[in-house]
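Visitor: query.pdb is the file, holding PDB, N, CA and C atoms, pLDDT in the B column:
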ATOM      1  N   MET K  12     207.795  55.434 305.257  1.00 63.00           N
ATOM      2  CA  MET K  12     209.233  55.455 305.143  1.00 63.00           C
ATOM      3  C   MET K  12     209.652  54.295 304.238  1.00 63.00           C
ATOM      4  N   THR K  13     210.455  54.600 303.295  1.00 74.00           N
ATOM      5  CA  THR K  13     210.894  53.566 302.365  1.00 74.00           C
ATOM      6  C   THR K  13     212.112  52.840 302.934  1.00 74.00           C
ATOM      7  N   LEU K  14     212.420  51.719 302.327  1.00 74.00           N
ATOM      8  CA  LEU K  14     213.553  50.917 302.767  1.00 74.00           C
ATOM      9  C   LEU K  14     214.864  51.664 302.563  1.00 74.00           C
ATOM     10  N   ASP K  15     214.973  52.439 301.483  1.00 86.00           N
ATOM     11  CA  ASP K  15     216.199  53.207 301.236  1.00 86.00           C
ATOM     12  C   ASP K  15     216.406  54.263 302.313  1.00 86.00           C
ATOM     13  N   LYS K  16     215.334  54.917 302.725  1.00 88.00           N
ATOM     14  CA  LYS K  16     215.452  55.950 303.755  1.00 88.00           C
ATOM     15  C   LYS K  16     215.825  55.320 305.101  1.00 88.00           C
ATOM     16  N   GLN K  17     215.251  54.164 305.416  1.00 89.00           N
ATOM     17  CA  GLN K  17     215.594  53.461 306.649  1.00 89.00           C
ATOM     18  C   GLN K  17     217.055  53.021 306.640  1.00 89.00           C
ATOM     19  N   THR K  18     217.513  52.543 305.505  1.00 90.00           N
ATOM     20  CA  THR K  18     218.904  52.124 305.369  1.00 90.00           C
ATOM     21  C   THR K  18     219.841  53.318 305.536  1.00 90.00           C
ATOM     22  N   LEU K  19     219.457  54.455 304.984  1.00 90.00           N
ATOM     23  CA  LEU K  19     220.265  55.673 305.099  1.00 90.00           C
ATOM     24  C   LEU K  19     220.324  56.131 306.558  1.00 90.00           C
ATOM     25  N   ILE K  20     219.199  56.107 307.252  1.00 89.00           N
ATOM     26  CA  ILE K  20     219.173  56.513 308.658  1.00 89.00           C
ATOM     27  C   ILE K  20     220.023  55.562 309.494  1.00 89.00           C
ATOM     28  N   LEU K  21     219.934  54.276 309.244  1.00 87.00           N
ATOM     29  CA  LEU K  21     220.741  53.295 309.970  1.00 87.00           C
ATOM     30  C   LEU K  21     222.232  53.490 309.701  1.00 87.00           C
ATOM     31  N   ALA K  22     222.596  53.755 308.456  1.00 87.00           N
ATOM     32  CA  ALA K  22     223.999  53.981 308.113  1.00 87.00           C
ATOM     33  C   ALA K  22     224.537  55.234 308.797  1.00 87.00           C
ATOM     34  N   GLN K  23     223.726  56.297 308.843  1.00 87.00           N
ATOM     35  CA  GLN K  23     224.154  57.523 309.528  1.00 87.00           C
ATOM     36  C   GLN K  23     224.330  57.268 311.019  1.00 87.00           C
ATOM     37  N   PHE K  24     223.429  56.487 311.600  1.00 83.00           N
ATOM     38  CA  PHE K  24     223.524  56.175 313.024  1.00 83.00           C
ATOM     39  C   PHE K  24     224.783  55.372 313.329  1.00 83.00           C
ATOM     40  N   ILE K  25     225.099  54.414 312.496  1.00 83.00           N
ATOM     41  CA  ILE K  25     226.274  53.562 312.714  1.00 83.00           C
ATOM     42  C   ILE K  25     227.567  54.368 312.595  1.00 83.00           C
ATOM     43  N   HIS K  26     227.624  55.319 311.689  1.00 83.00           N
ATOM     44  CA  HIS K  26     228.850  56.093 311.456  1.00 83.00           C
ATOM     45  C   HIS K  26     228.948  57.338 312.325  1.00 83.00           C
ATOM     46  N   ASP K  27     227.919  57.629 313.124  1.00 80.00           N
ATOM     47  CA  ASP K  27     227.932  58.807 313.994  1.00 80.00           C
ATOM     48  C   ASP K  27     228.860  58.546 315.180  1.00 80.00           C
ATOM     49  N   GLU K  28     229.792  59.466 315.430  1.00 75.00           N
ATOM     50  CA  GLU K  28     230.758  59.312 316.513  1.00 75.00           C
ATOM     51  C   GLU K  28     230.619  60.403 317.571  1.00 75.00           C
ATOM     52  N   SER K  29     229.477  61.054 317.652  1.00 75.00           N
ATOM     53  CA  SER K  29     229.331  62.180 318.568  1.00 75.00           C
ATOM     54  C   SER K  29     229.360  61.763 320.024  1.00 75.00           C
ATOM     55  N   GLY K  30     229.002  60.540 320.365  1.00 74.00           N
ATOM     56  CA  GLY K  30     229.025  60.088 321.753  1.00 74.00           C
ATOM     57  C   GLY K  30     230.309  59.387 322.146  1.00 74.00           C
ATOM     58  N   ALA K  31     231.240  59.263 321.225  1.00 76.00           N
ATOM     59  CA  ALA K  31     232.473  58.516 321.497  1.00 76.00           C
ATOM     60  C   ALA K  31     233.331  59.206 322.556  1.00 76.00           C
ATOM     61  N   VAL K  32     233.347  60.529 322.554  1.00 79.00           N
ATOM     62  CA  VAL K  32     234.148  61.265 323.530  1.00 79.00           C
ATOM     63  C   VAL K  32     233.580  61.047 324.932  1.00 79.00           C
ATOM     64  N   THR K  33     232.278  61.029 325.041  1.00 84.00           N
ATOM     65  CA  THR K  33     231.642  60.788 326.334  1.00 84.00           C
ATOM     66  C   THR K  33     232.001  59.398 326.864  1.00 84.00           C
ATOM     67  N   VAL K  34     231.975  58.420 326.006  1.00 85.00           N
ATOM     68  CA  VAL K  34     232.330  57.060 326.416  1.00 85.00           C
ATOM     69  C   VAL K  34     233.784  57.017 326.862  1.00 85.00           C
ATOM     70  N   ASP K  35     234.669  57.703 326.153  1.00 88.00           N
ATOM     71  CA  ASP K  35     236.079  57.745 326.545  1.00 88.00           C
ATOM     72  C   ASP K  35     236.244  58.337 327.937  1.00 88.00           C
ATOM     73  N   TRP K  36     235.548  59.443 328.222  1.00 91.00           N
ATOM     74  CA  TRP K  36     235.651  60.083 329.532  1.00 91.00           C
ATOM     75  C   TRP K  36     235.100  59.188 330.632  1.00 91.00           C
ATOM     76  N   VAL K  37     234.023  58.484 330.359  1.00 93.00           N
ATOM     77  CA  VAL K  37     233.455  57.574 331.357  1.00 93.00           C
ATOM     78  C   VAL K  37     234.436  56.452 331.662  1.00 93.00           C
ATOM     79  N   VAL K  38     235.063  55.901 330.651  1.00 94.00           N
ATOM     80  CA  VAL K  38     236.032  54.818 330.862  1.00 94.00           C
ATOM     81  C   VAL K  38     237.249  55.329 331.620  1.00 94.00           C
ATOM     82  N   LEU K  39     237.767  56.489 331.255  1.00 96.00           N
ATOM     83  CA  LEU K  39     238.926  57.048 331.954  1.00 96.00           C
ATOM     84  C   LEU K  39     238.600  57.375 333.408  1.00 96.00           C
ATOM     85  N   THR K  40     237.435  57.935 333.652  1.00 97.00           N
ATOM     86  CA  THR K  40     237.036  58.264 335.016  1.00 97.00           C
ATOM     87  C   THR K  40     236.869  57.003 335.858  1.00 97.00           C
ATOM     88  N   ALA K  41     236.263  55.979 335.289  1.00 97.00           N
ATOM     89  CA  ALA K  41     236.105  54.714 336.007  1.00 97.00           C
ATOM     90  C   ALA K  41     237.468  54.096 336.316  1.00 97.00           C
ATOM     91  N   ALA K  42     238.406  54.202 335.399  1.00 97.00           N
ATOM     92  CA  ALA K  42     239.748  53.669 335.632  1.00 97.00           C
ATOM     93  C   ALA K  42     240.441  54.425 336.768  1.00 97.00           C
ATOM     94  N   LEU K  43     240.292  55.738 336.804  1.00 97.00           N
ATOM     95  CA  LEU K  43     240.905  56.520 337.877  1.00 97.00           C
ATOM     96  C   LEU K  43     240.277  56.207 339.230  1.00 97.00           C
ATOM     97  N   VAL K  44     238.974  56.047 339.271  1.00 97.00           N
ATOM     98  CA  VAL K  44     238.309  55.693 340.524  1.00 97.00           C
ATOM     99  C   VAL K  44     238.775  54.311 340.983  1.00 97.00           C
ATOM    100  N   GLY K  45     238.866  53.359 340.065  1.00 97.00           N
ATOM    101  CA  GLY K  45     239.350  52.027 340.414  1.00 97.00           C
ATOM    102  C   GLY K  45     240.773  52.055 340.915  1.00 97.00           C
ATOM    103  N   LEU K  46     241.615  52.850 340.289  1.00 97.00           N
ATOM    104  CA  LEU K  46     243.004  52.971 340.727  1.00 97.00           C
ATOM    105  C   LEU K  46     243.077  53.588 342.116  1.00 97.00           C
ATOM    106  N   GLY K  47     242.270  54.594 342.371  1.00 96.00           N
ATOM    107  CA  GLY K  47     242.232  55.219 343.693  1.00 96.00           C
ATOM    108  C   GLY K  47     241.798  54.243 344.767  1.00 96.00           C
ATOM    109  N   LEU K  48     240.783  53.444 344.470  1.00 96.00           N
ATOM    110  CA  LEU K  48     240.323  52.443 345.435  1.00 96.00           C
ATOM    111  C   LEU K  48     241.389  51.378 345.686  1.00 96.00           C
ATOM    112  N   ALA K  49     242.089  50.978 344.639  1.00 96.00           N
ATOM    113  CA  ALA K  49     243.153  49.988 344.795  1.00 96.00           C
ATOM    114  C   ALA K  49     244.283  50.536 345.658  1.00 96.00           C
ATOM    115  N   VAL K  50     244.654  51.778 345.444  1.00 95.00           N
ATOM    116  CA  VAL K  50     245.713  52.398 346.249  1.00 95.00           C
ATOM    117  C   VAL K  50     245.280  52.498 347.713  1.00 95.00           C
ATOM    118  N   MET K  51     244.041  52.898 347.934  1.00 94.00           N
ATOM    119  CA  MET K  51     243.551  52.986 349.312  1.00 94.00           C
ATOM    120  C   MET K  51     243.533  51.615 349.978  1.00 94.00           C
ATOM    121  N   GLY K  52     243.200  50.583 349.229  1.00 92.00           N
ATOM    122  CA  GLY K  52     243.205  49.233 349.785  1.00 92.00           C
ATOM    123  C   GLY K  52     244.592  48.787 350.204  1.00 92.00           C
ATOM    124  N   VAL K  53     245.597  49.166 349.432  1.00 92.00           N
ATOM    125  CA  VAL K  53     246.972  48.786 349.746  1.00 92.00           C
ATOM    126  C   VAL K  53     247.517  49.597 350.917  1.00 92.00           C
ATOM    127  N   ILE K  54     247.223  50.881 350.947  1.00 94.00           N
ATOM    128  CA  ILE K  54     247.806  51.778 351.941  1.00 94.00           C
ATOM    129  C   ILE K  54     247.062  51.743 353.274  1.00 94.00           C
ATOM    130  N   SER K  55     245.793  51.401 353.269  1.00 90.00           N
ATOM    131  CA  SER K  55     244.988  51.518 354.489  1.00 90.00           C
ATOM    132  C   SER K  55     245.514  50.647 355.631  1.00 90.00           C
ATOM    133  N   GLY K  56     246.028  49.470 355.331  1.00 85.00           N
ATOM    134  CA  GLY K  56     246.574  48.624 356.385  1.00 85.00           C
ATOM    135  C   GLY K  56     247.763  49.256 357.075  1.00 85.00           C
ATOM    136  N   GLY K  57     248.653  49.830 356.311  1.00 88.00           N
ATOM    137  CA  GLY K  57     249.825  50.498 356.886  1.00 88.00           C
ATOM    138  C   GLY K  57     249.455  51.729 357.676  1.00 88.00           C
ATOM    139  N   ILE K  58     248.476  52.479 357.197  1.00 91.00           N
ATOM    140  CA  ILE K  58     248.042  53.680 357.908  1.00 91.00           C
ATOM    141  C   ILE K  58     247.382  53.299 359.224  1.00 91.00           C
ATOM    142  N   GLU K  59     246.583  52.240 359.214  1.00 89.00           N
ATOM    143  CA  GLU K  59     245.934  51.800 360.446  1.00 89.00           C
ATOM    144  C   GLU K  59     246.967  51.347 361.478  1.00 89.00           C
ATOM    145  N   SER K  60     247.954  50.602 361.032  1.00 90.00           N
ATOM    146  CA  SER K  60     249.009  50.138 361.932  1.00 90.00           C
ATOM    147  C   SER K  60     249.790  51.316 362.514  1.00 90.00           C
ATOM    148  N   LEU K  61     250.131  52.271 361.676  1.00 92.00           N
ATOM    149  CA  LEU K  61     250.879  53.440 362.132  1.00 92.00           C
ATOM    150  C   LEU K  61     250.063  54.268 363.116  1.00 92.00           C
ATOM    151  N   SER K  62     248.782  54.448 362.855  1.00 92.00           N
ATOM    152  CA  SER K  62     247.952  55.238 363.769  1.00 92.00           C
ATOM    153  C   SER K  62     247.796  54.530 365.114  1.00 92.00           C
ATOM    154  N   ASN K  63     247.736  53.194 365.104  1.00 91.00           N
ATOM    155  CA  ASN K  63     247.685  52.463 366.371  1.00 91.00           C
ATOM    156  C   ASN K  63     248.989  52.607 367.148  1.00 91.00           C
ATOM    157  N   ASP K  64     250.121  52.591 366.444  1.00 90.00           N
ATOM    158  CA  ASP K  64     251.418  52.791 367.115  1.00 90.00           C
ATOM    159  C   ASP K  64     251.499  54.185 367.736  1.00 90.00           C
ATOM    160  N   ILE K  65     251.043  55.189 367.032  1.00 89.00           N
ATOM    161  CA  ILE K  65     251.053  56.558 367.557  1.00 89.00           C
ATOM    162  C   ILE K  65     250.145  56.652 368.773  1.00 89.00           C
ATOM    163  N   ASN K  66     248.996  56.023 368.694  1.00 86.00           N
ATOM    164  CA  ASN K  66     248.065  56.034 369.824  1.00 86.00           C
ATOM    165  C   ASN K  66     248.695  55.392 371.060  1.00 86.00           C
ATOM    166  N   ASP K  67     249.371  54.267 370.870  1.00 87.00           N
ATOM    167  CA  ASP K  67     250.024  53.599 371.999  1.00 87.00           C
ATOM    168  C   ASP K  67     251.091  54.484 372.628  1.00 87.00           C
ATOM    169  N   VAL K  68     251.882  55.160 371.824  1.00 86.00           N
ATOM    170  CA  VAL K  68     252.934  56.036 372.346  1.00 86.00           C
ATOM    171  C   VAL K  68     252.316  57.212 373.094  1.00 86.00           C
ATOM    172  N   LEU K  69     251.257  57.782 372.570  1.00 83.00           N
ATOM    173  CA  LEU K  69     250.627  58.920 373.236  1.00 83.00           C
ATOM    174  C   LEU K  69     249.971  58.515 374.556  1.00 83.00           C
ATOM    175  N   LEU K  70     249.472  57.303 374.642  1.00 83.00           N
ATOM    176  CA  LEU K  70     248.848  56.863 375.884  1.00 83.00           C
ATOM    177  C   LEU K  70     249.882  56.589 376.982  1.00 83.00           C
ATOM    178  N   VAL K  71     251.070  56.091 376.599  1.00 83.00           N
ATOM    179  CA  VAL K  71     252.082  55.706 377.577  1.00 83.00           C
ATOM    180  C   VAL K  71     253.008  56.869 377.911  1.00 83.00           C
ATOM    181  N   ASP K  72     253.537  57.541 376.928  1.00 69.00           N
ATOM    182  CA  ASP K  72     254.553  58.572 377.120  1.00 69.00           C
ATOM    183  C   ASP K  72     253.912  59.957 377.192  1.00 69.00           C
ATOM    184  N   HIS K  73     253.308  60.277 378.309  1.00 67.00           N
ATOM    185  CA  HIS K  73     252.770  61.615 378.437  1.00 67.00           C
ATOM    186  C   HIS K  73     253.553  62.360 379.527  1.00 67.00           C
ATOM    187  N   THR K  74     253.585  63.621 379.394  1.00 67.00           N
ATOM    188  CA  THR K  74     254.359  64.448 380.321  1.00 67.00           C
ATOM    189  C   THR K  74     253.385  65.340 381.073  1.00 67.00           C
ATOM    190  N   GLU K  75     253.544  65.362 382.398  1.00 70.00           N
ATOM    191  CA  GLU K  75     252.715  66.248 383.218  1.00 70.00           C
ATOM    192  C   GLU K  75     253.601  67.390 383.678  1.00 70.00           C
ATOM    193  N   VAL K  76     253.114  68.593 383.495  1.00 69.00           N
ATOM    194  CA  VAL K  76     253.865  69.775 383.902  1.00 69.00           C
ATOM    195  C   VAL K  76     253.066  70.443 385.024  1.00 69.00           C
ATOM    196  N   ALA K  77     253.713  70.652 386.179  1.00 71.00           N
ATOM    197  CA  ALA K  77     253.062  71.318 387.297  1.00 71.00           C
ATOM    198  C   ALA K  77     253.473  72.775 387.314  1.00 71.00           C
ATOM    199  N   PHE K  78     252.524  73.633 387.492  1.00 65.00           N
ATOM    200  CA  PHE K  78     252.831  75.060 387.558  1.00 65.00           C
ATOM    201  C   PHE K  78     252.743  75.531 388.985  1.00 65.00           C
TER     202      PHE K  78
END
Take the structure in the file and write it out as structure tokens.
Guide:
Amino acid sequence: MTLDKQTLILAQFIHDESGAVTVDWVVLTAALVGLGLAVMGVISGGIESLSNDINDVLLVDHTEVAF
């Protein structure tokens, strides 16, 4: 392989953009997963508190019906 052919192959490799779309999708998907995790981190405390409040009400305020 001559130096000119190696230079040509390297130049073609540098200017090739066929994998750029894949990289874009990976970055966008990672951003969405990170955003989802951040939202769950913020909301999980409130959901846990609310579920504990519901549990307390269900344990105390129950109705017995006699037939």
Visitor: Record the distance separating atom CA of Glu59 of chain K and atom CA of Thr40 of chain K, expressed in Å with one decimal.
Guide: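 Separation between atom CA of Glu59 of chain K and atom CA of Thr40 of chain K: 27.7 Å.
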Visitor: Padding 6 Å on each side, edges along x, y and z: where is the centre of the box around the listed atoms of segment 54-65 of chain K, and how long are its edges in Å to one decimal? Output it as AutoDock Vina command-line options.
Guide:
--center_x 248.2 --center_y 52.6 --center_z 359.9 --size_x 18.5 --size_y 20.0 --size_z 29.8
Visitor: How many Å separate atom C of Gly56 of chain K from atom N of Val68 of chain K?
Guide: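 That distance, rounded to one decimal, is 16.4 Å.
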Visitor: Quote the spacing between atom C of Ser29 of chain K and atom C of Gly47 of chain K in Å to one decimal place.
Guide: 28.7 Å
Visitor: Can segment 28-49 of chain K be brought up to N, CA, C and O atoms and written out as a compact mmCIF listing (two decimals), keeping the file's coordinate frame?
Guide:
# COMPACT_ATOMS: atom_id res chain seq x y z
N GLU K 28 229.79 59.47 315.43
CA GLU K 28 230.76 59.31 316.51
C GLU K 28 230.62 60.40 317.57
O GLU K 28 231.53 60.65 318.35
N SER K 29 229.48 61.05 317.65
CA SER K 29 229.33 62.18 318.57
C SER K 29 229.36 61.76 320.02
O SER K 29 229.72 62.54 320.89
N GLY K 30 229.00 60.54 320.36
CA GLY K 30 229.02 60.09 321.75
C GLY K 30 230.31 59.39 322.15
O GLY K 30 230.47 58.98 323.29
N ALA K 31 231.24 59.26 321.23
CA ALA K 31 232.47 58.52 321.50
C ALA K 31 233.33 59.21 322.56
O ALA K 31 233.95 58.53 323.38
N VAL K 32 233.35 60.53 322.55
CA VAL K 32 234.15 61.26 323.53
C VAL K 32 233.58 61.05 324.93
O VAL K 32 234.33 60.87 325.90
N THR K 33 232.28 61.03 325.04
CA THR K 33 231.64 60.79 326.33
C THR K 33 232.00 59.40 326.86
O THR K 33 232.32 59.24 328.04
N VAL K 34 231.98 58.42 326.01
CA VAL K 34 232.33 57.06 326.42
C VAL K 34 233.78 57.02 326.86
O VAL K 34 234.12 56.38 327.87
N ASP K 35 234.67 57.70 326.15
CA ASP K 35 236.08 57.74 326.54
C ASP K 35 236.24 58.34 327.94
O ASP K 35 237.00 57.82 328.76
N TRP K 36 235.55 59.44 328.22
CA TRP K 36 235.65 60.08 329.53
C TRP K 36 235.10 59.19 330.63
O TRP K 36 235.64 59.13 331.73
N VAL K 37 234.02 58.48 330.36
CA VAL K 37 233.46 57.57 331.36
C VAL K 37 234.44 56.45 331.66
O VAL K 37 234.66 56.10 332.83
N VAL K 38 235.06 55.90 330.65
CA VAL K 38 236.03 54.82 330.86
C VAL K 38 237.25 55.33 331.62
O VAL K 38 237.72 54.67 332.56
N LEU K 39 237.77 56.49 331.26
CA LEU K 39 238.93 57.05 331.95
C LEU K 39 238.60 57.38 333.41
O LEU K 39 239.41 57.11 334.31
N THR K 40 237.44 57.94 333.65
CA THR K 40 237.04 58.26 335.02
C THR K 40 236.87 57.00 335.86
O THR K 40 237.30 56.95 337.01
N ALA K 41 236.26 55.98 335.29
CA ALA K 41 236.10 54.71 336.01
C ALA K 41 237.47 54.10 336.32
O ALA K 41 237.67 53.53 337.40
N ALA K 42 238.41 54.20 335.40
CA ALA K 42 239.75 53.67 335.63
C ALA K 42 240.44 54.42 336.77
O ALA K 42 241.09 53.81 337.62
N LEU K 43 240.29 55.74 336.80
CA LEU K 43 240.90 56.52 337.88
C LEU K 43 240.28 56.21 339.23
O LEU K 43 240.98 56.11 340.24
N VAL K 44 238.97 56.05 339.27
CA VAL K 44 238.31 55.69 340.52
C VAL K 44 238.78 54.31 340.98
O VAL K 44 239.07 54.10 342.17
N GLY K 45 238.87 53.36 340.06
CA GLY K 45 239.35 52.03 340.41
C GLY K 45 240.77 52.06 340.92
O GLY K 45 241.12 51.36 341.89
N LEU K 46 241.62 52.85 340.29
CA LEU K 46 243.00 52.97 340.73
C LEU K 46 243.08 53.59 342.12
O LEU K 46 243.85 53.14 342.97
N GLY K 47 242.27 54.59 342.37
CA GLY K 47 242.23 55.22 343.69
C GLY K 47 241.80 54.24 344.77
O GLY K 47 242.37 54.21 345.86
N LEU K 48 240.78 53.44 344.47
CA LEU K 48 240.32 52.44 345.44
C LEU K 48 241.39 51.38 345.69
O LEU K 48 241.58 50.92 346.82
N ALA K 49 242.09 50.98 344.64
CA ALA K 49 243.15 49.99 344.80
C ALA K 49 244.28 50.54 345.66
O ALA K 49 244.81 49.84 346.53
